[in-house]
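Accompanying notes for the structure given below.
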Amino acid sequence: MGKRTVPLLSRSLQLRHVDAGSCNGCESELAAITNPIYDAQRFGVDVVASPRHADVLTVSGPVTRQMEEALRRTHQAMGEPRLVVSVGDCAAGGCPFAGSYASHRGVGEVLRVDAHIPGCPPSPADIVRHLRALMGQV
Amino acid sequence: MSMASEGLTPVLAVQEVEASGLGAAVAASLGRGARYLTMAASDHREDEGRLRVDVVLAPGGPGPLEVLRLHLPPQRAEYASLTPILPAVHWDEREARDLLGVVPLGHPDPRPLVLPDDWPRGLHPLRRDVPWDVHPASAVGAAWSARLAEGEGVVHMPVGPVHAGIIDSGHFAFSLMGESILHLDVRLGWKHRGVEKTVEGTPWEEASAAVERVCATCSASQQAAWSEAVEQILGWPLPPRAVWLRTILLECERLANHINDIAALPAGTGYTVAAMAGSVLKERMLRLAAQAFGHRYLFGAIRPGGVARDLDPAAGTGLRQGLGELRGDLERLTQRMLRHPGFVDRIHGTGVLRPSTARDLGGVGPVARASGVRQDLRLDRPYLAYRQLAPLLVVEEEGDVAARLRVRIREAAVSLELLDRLLHGLPPGPWRAPAPAGAERASGLGIGACESPRGAQVHYLELRQGRIFRLRIRSSSFANWPLLLEAVPGNLIGDFPLINKSFELCYACSDR
Ligand code: SF4
């Protein structure tokens with residue numbers, strides 16, 4: 001759940017996503033939040049094609065060493081205020097492969113995380129609920 | 001899968017070859033009609049003082065899988081690259097060079113595949129004396145050397161590893177002349193998590209949760225291939241109900257993927273209505289899977305010896321009914337798509353993969369079948385319930401985006417048909433068999449293979465005293481990535497997303 005809410009973002013939240021070593025399950029569920037069933041746009045949530053347009057960086061996976069730099073640069077490219085949301089158990093360090101020669105132990109080792117959405121993977125409904133909480137809508 | 005339950009029929013035939021004779025042995029096997037399945041290098045310095053390379057082929061007809069085994073001295077771990085005679089091993093050889101330091105002399109591509117370019121030379125993480133958590137200071141993967149076309153007016157366009165949409169991470173390097181793509185190179189490995197090293201030493205009973213998380217969209221196929229490899233080593237036959245349930249799981253997974261991949265295409269042409277309608281059908285399929293088997297992506301569904309839980313009669317009826325409703329809606333959607341003139345115009349003649357290229361590079365699954373390759377493990381080496389209920393082989397000849405779409409549409413219909421028969425004829429009885437005596441200390445080599453939604457999925461597994469000594473996973477996407485690079489040049493850059501989606505390759509299981 002959101003530890004930090006930003007009043008400015010209570011009605012509109014633009015997401016940019018970085019896959020930092022997921023199994024693609026979290027991507028599949030995240031992509032589903034904008035389908036007609038979950039329709040996250042009705043709550044002001046949308047996915048944007050550039051970090052420069054984004055308020056929130058969603059990150060999945062344990063952060064592989066090879067994605068670390070790309071993740072940092074994507075984060076730096078975002079304007080303030082910006083939030084980081086880790087999506088899925090892997091992103092919080094629960095990946096079975098975390099800590100190997102190729103992988104960190106979660107997003108928290110690389111960026112300050114504002115909110116976490118647990119699950120393996122979290123369902124689209126879970127993701128929408130957590131994002132709305134982050135916006136202070138629920 | 002119960003090749004191991006065939007009683008006296010040997011499942012694997014291991015043949016040791018000299019480094020100088022490997023190429024000839026592979027060529028002879030291919031000449032007899034064999035098909036390449038996988039290659040695995042492993043480190044046997046502790047007990048044998050040498051490294052090992054196994055090349056696994058499936059014979060043209062029935063009979064054991066052929067394992068051509070090469071031993072290499074650690075101080076000169078080299079052999080003549082097989083890529084010139086068997087281009088399908090191109091990426092396997094690069095991977096083995098990265099991870100085990102086994103050098104294919106004369107290989108056309110000297111670059112790393114899964115490790116970053118700045119990874120220390122000589123440090124091969126799958127060598128057994130390299131610690132699992134070694135963290136060299138360099139190796140952050142910032143730069144790589146793309147292969148580019150050069151010339152007056154040629155523009156280079158890098159894309160990735162982070163993408164505009166919600167997809168996996170990977171890097172494409174386009175060489176363009178105006179809007180035409182002259183050349184495409186790809187860099188994967190961004191998602192390399194060290195899966196295979198991580199599971200080394202794990203008792204087989206405890207490894208399923210890691211194996212099923214290699215890739216969510218083909219998780220059931222991963223679980224099935226992994227379980228088959230374990231069962232082969234242990235000589236562990238499956239009860240009939242488990243055979244049936246496993247097949248149901250695999251077909252549910254195929255259907256969910258085919259629906260996803262069918263819906264992804266209109267998204268690539270701006271035909272949003274169809275893309276959205278397709279995304280609703282996918283959601284319905286995931287919900288059916290969750291209701292019947294407890295997880296939308298079928299995590300935790302299959303375990304060595306059977307399945308992880310039974311399908312109760314009410315859930316079975318619900319699944320059958322739900323699939324029946326889905327069938328009509330999917331048919332209506334795909335018919336509408338194929339009547340949409342703008343959509344049809346975009347997909348015809350786009351991204352052509354020539355049949356000879358698909359065959360020569362070892363393409364698998366719907367992508368290969370859309371280029372005329374008559375290959376499907378469900379028919380070529382029948383396993384599970386496919387022994388009794390052979391699915392129809394779906395083949396198209398044109399090799400363009402439209403052909404790949406038609407293959408998936410027709411295969412989805414075949415899956416629905418098959419699922420109906422499987423659910424109708426589900427035999428009673430136990431859904432899991434107890435492990436044979438001594439299973440927790442078993443040793444040996446097993447090779448599990450199944451036809452995942454994207455093609456052959458192969459798990460090469462060596463157990464020692466009940467623990468994983470080596471697991472190599474060769475996924476269908478790993479086999480098909482090099483084909484994409486052949487289908488793209490000559491097309492317009494604006495058509496790339498469409499071509500890419502028609503291949504629908506997975507990064508997670510290719511990178512591991
Ligand atoms: S949390 Fe689960 S679904 Fe998400 S990337 Fe990790 S293993 Fe995959």
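Convention: chains lettered A, B, ... in structure tokens order; per-chain residue numbering from 1; ligands numbered from 1 as shown.
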
Based on the backbone DSSP call, show me all residues of chain A assigned strand (DSSP E or B), as a list in words.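 Filtering chain A down to strand (DSSP E or B) leaves Leu13, Gln14, Leu15, Arg16, His17, Val18, Asp19, Val45, Asp46, Val47, Val56, Leu57, Thr58, Val59, Ser60, Thr64, Leu83, Val84, Val85, Ser86, Val87, Ser103, Ala115, His116 and Ile117 of chain A.
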
Find the residues near Arg42 in chain A: any atom within 12 Å, counting only C-alpha atoms, skip ones fewer than 6 places away on the same chain, and give them as a PyMOL selection string. chain A and resi 11-13+33-36+128+132

Contact set, chain B to chain A: 9 Å, only C-alpha atoms, as an MDAnalysis selection string: chainID B and resid 115:116 125 131:136 139:142 160:169 189:195 197:199 209:210 213:217 276:277 279:280 283 296:297 506:509 512

Using only C-alpha atoms, which residues sit within 7 Å of Pro304 in chain B once same-chain residues fewer than 3 positions away are excluded, as a list in words?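 Residues meeting the cut-off are Ser227, Val230 and Glu231 of chain B.
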
Atoms to include: N, CA, C and O atoms. Write the selected residues as a PDB file, in the first residue's frame.
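What follows is the written file again-v6.pdb:
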```pdb
ATOM      1  N   SER B 227       8.894 -32.050 -15.307  1.00  0.00           N
ATOM      2  CA  SER B 227       8.394 -33.244 -14.627  1.00  0.00           C
ATOM      3  C   SER B 227       8.719 -34.495 -15.433  1.00  0.00           C
ATOM      4  O   SER B 227       9.086 -35.533 -14.871  1.00  0.00           O
ATOM      5  N   VAL B 230      12.283 -35.532 -14.809  1.00  0.00           N
ATOM      6  CA  VAL B 230      12.435 -36.188 -13.502  1.00  0.00           C
ATOM      7  C   VAL B 230      11.880 -37.611 -13.564  1.00  0.00           C
ATOM      8  O   VAL B 230      12.524 -38.578 -13.121  1.00  0.00           O
ATOM      9  N   GLU B 231      10.692 -37.751 -14.144  1.00  0.00           N
ATOM     10  CA  GLU B 231      10.033 -39.063 -14.196  1.00  0.00           C
ATOM     11  C   GLU B 231      10.833 -40.063 -15.026  1.00  0.00           C
ATOM     12  O   GLU B 231      10.875 -41.251 -14.709  1.00  0.00           O
TER      13      GLU B 231
END
```

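Residues lying within 10 Å of Gln291 in chain B, counting only C-alpha atoms and ignoring same-chain neighbours fewer than 3 positions away, are B:Met285, B:Leu286, B:Arg287, B:Leu288, B:Gly294, B:His295, B:Arg296, B:Leu311, B:Ala315, B:Gly316, B:Gly318, B:Leu319.
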
Could you dump the residues just selected with C-alpha atoms as a PDB file, in the first residue's frame?
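Just written: selection.pdb:
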```pdb
ATOM      1  CA  MET B 285      -9.644 -17.789 -20.412  1.00  0.00           C
ATOM      2  CA  LEU B 286      -7.378 -16.815 -17.502  1.00  0.00           C
ATOM      3  CA  ARG B 287     -10.379 -16.812 -15.176  1.00  0.00           C
ATOM      4  CA  LEU B 288     -11.444 -20.248 -16.371  1.00  0.00           C
ATOM      5  CA  GLY B 294      -6.243 -22.370  -8.832  1.00  0.00           C
ATOM      6  CA  HIS B 295      -3.947 -20.022 -10.768  1.00  0.00           C
ATOM      7  CA  ARG B 296      -4.401 -17.785 -13.800  1.00  0.00           C
ATOM      8  CA  LEU B 311     -10.043 -31.317 -10.989  1.00  0.00           C
ATOM      9  CA  ALA B 315     -14.957 -27.438 -11.810  1.00  0.00           C
ATOM     10  CA  GLY B 316     -14.578 -29.742 -14.794  1.00  0.00           C
ATOM     11  CA  GLY B 318     -17.645 -25.338 -15.389  1.00  0.00           C
ATOM     12  CA  LEU B 319     -14.494 -25.387 -17.483  1.00  0.00           C
TER      13      LEU B 319
END
```

Give me, as a list of chain:residue names, all polymer residues having an atom no more than 10 Å from Phe478 in chain B, counting only C-alpha atoms and skipping those fewer than 6 positions away in the same chain. B:Ala88, B:Trp91, B:Asp92, B:Gly363, B:Val364, B:Ala456, B:Gln457, B:Leu505, B:Cys506, B:Tyr507, B:Ala508, B:Cys509, B:Ser510, B:Asp511

Non-local contacts of range 321-330 of chain B (9 Å; only C-alpha atoms; under 4 positions in same chain excluded) as a list of chain:residue names: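 Counting only C-alpha atoms, the residues come to B:Ile259, B:Gly278, B:Leu281, B:Arg284, B:Met285, B:Leu288, B:Gly316, B:Thr317, B:Thr334, B:Gln335, B:Ile409, B:Ala412, B:Ala413, B:Leu416, B:Leu419, B:Asp420.
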
Taking C-alpha atoms for each residue, export the selection above as a PDB file, in the first residue's frame.
```pdb
ATOM      1  CA  ILE B 259      -5.967 -15.936 -27.856  1.00  0.00           C
ATOM      2  CA  GLY B 278      -9.570 -10.170 -27.827  1.00  0.00           C
ATOM      3  CA  LEU B 281     -11.523 -13.253 -24.307  1.00  0.00           C
ATOM      4  CA  ARG B 284     -12.104 -14.993 -19.645  1.00  0.00           C
ATOM      5  CA  MET B 285      -9.644 -17.789 -20.412  1.00  0.00           C
ATOM      6  CA  LEU B 288     -11.444 -20.248 -16.371  1.00  0.00           C
ATOM      7  CA  GLY B 316     -14.578 -29.742 -14.794  1.00  0.00           C
ATOM      8  CA  THR B 317     -18.139 -29.071 -15.896  1.00  0.00           C
ATOM      9  CA  THR B 334     -11.553 -13.899 -35.764  1.00  0.00           C
ATOM     10  CA  GLN B 335     -14.041 -13.951 -38.634  1.00  0.00           C
ATOM     11  CA  ILE B 409      -6.710 -19.277 -35.189  1.00  0.00           C
ATOM     12  CA  ALA B 412      -7.042 -22.547 -31.096  1.00  0.00           C
ATOM     13  CA  ALA B 413     -10.048 -24.291 -32.658  1.00  0.00           C
ATOM     14  CA  LEU B 416     -10.968 -26.292 -28.039  1.00  0.00           C
ATOM     15  CA  LEU B 419     -10.225 -29.977 -24.623  1.00  0.00           C
ATOM     16  CA  ASP B 420     -13.834 -30.914 -25.060  1.00  0.00           C
TER      17      ASP B 420
END
```

Which residue is closest to ligand 1? Choose from A:Gly136, A:Gly44, A:Gly79, A:Gly93 and count only C-alpha atoms and all ligand atoms.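 The shortest atom-to-atom distance to ligand 1 comes from A:Gly93.
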
Please list as a list in words every residue within 10 Å of Pro118 in chain A, counting only C-alpha atoms and excluding residues in the same chain fewer than 4 positions away.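 The neighbour list is Met1, Ser86, Val87, Gly88, Asp89, Cys90, Ala91, Ala92, Gly94, Pro122, Ser123, Asp126, Ile127 and His130 of chain A.
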
Produce a file of the selected residues containing N, CA, C and O atoms, as a compact mmCIF listing (two decimals), in the first residue's frame.
```txt
# COMPACT_ATOMS: atom_id res chain seq x y z
N MET A 1 0.84 -1.21 0.00
CA MET A 1 0.00 0.00 0.00
C MET A 1 0.87 1.26 0.00
O MET A 1 1.99 1.23 0.47
N SER A 86 6.84 -1.02 -6.82
CA SER A 86 7.31 -2.36 -7.19
C SER A 86 6.11 -3.29 -7.33
O SER A 86 5.20 -3.26 -6.50
N VAL A 87 6.11 -4.06 -8.41
CA VAL A 87 4.96 -4.91 -8.73
C VAL A 87 5.37 -6.38 -8.67
O VAL A 87 6.28 -6.80 -9.38
N GLY A 88 4.69 -7.13 -7.79
CA GLY A 88 4.95 -8.57 -7.72
C GLY A 88 5.99 -8.93 -6.67
O GLY A 88 6.86 -8.13 -6.32
N ASP A 89 5.90 -10.16 -6.20
CA ASP A 89 6.78 -10.61 -5.11
C ASP A 89 8.26 -10.53 -5.48
O ASP A 89 9.10 -10.23 -4.63
N CYS A 90 8.59 -10.80 -6.74
CA CYS A 90 9.99 -10.76 -7.17
C CYS A 90 10.59 -9.38 -6.91
O CYS A 90 11.73 -9.26 -6.48
N ALA A 91 9.81 -8.35 -7.21
CA ALA A 91 10.32 -6.98 -7.10
C ALA A 91 10.58 -6.60 -5.64
O ALA A 91 11.31 -5.65 -5.36
N ALA A 92 9.99 -7.37 -4.71
CA ALA A 92 10.24 -7.10 -3.29
C ALA A 92 11.27 -8.07 -2.72
O ALA A 92 11.44 -8.16 -1.51
N GLY A 94 11.41 -11.45 -3.39
CA GLY A 94 10.96 -12.83 -3.27
C GLY A 94 11.18 -13.69 -4.49
O GLY A 94 10.63 -14.77 -4.60
N PRO A 122 0.36 -10.26 -8.90
CA PRO A 122 -0.86 -9.61 -8.42
C PRO A 122 -1.89 -9.59 -9.55
O PRO A 122 -1.53 -9.41 -10.70
N SER A 123 -3.15 -9.79 -9.23
CA SER A 123 -4.18 -9.79 -10.28
C SER A 123 -4.40 -8.36 -10.76
O SER A 123 -4.05 -7.41 -10.06
N ASP A 126 -6.11 -6.39 -8.15
CA ASP A 126 -5.18 -5.97 -7.08
C ASP A 126 -4.39 -4.74 -7.50
O ASP A 126 -4.20 -3.80 -6.72
N ILE A 127 -3.89 -4.77 -8.71
CA ILE A 127 -3.04 -3.67 -9.18
C ILE A 127 -3.85 -2.37 -9.20
O ILE A 127 -3.40 -1.34 -8.69
N HIS A 130 -4.46 -1.09 -5.62
CA HIS A 130 -3.28 -0.48 -5.01
C HIS A 130 -2.97 0.88 -5.64
O HIS A 130 -2.56 1.81 -4.94
```

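Reported to one decimal place, the separation of CA of Ala40 in chain A from CA of Leu111 in chain A is 25.6 Å.
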
Pick the closest to Val107 in chain A from A:Val56, A:Gln137, A:Val85, A:Gln76: which is it, counting only C-alpha atoms? A:Val85

Those in range 315-468 of chain B with alpha helix (DSSP H) from DSSP, as a ChimeraX atom specification: /B:315-339,341-347,355-360,365-369,377-380,401-424
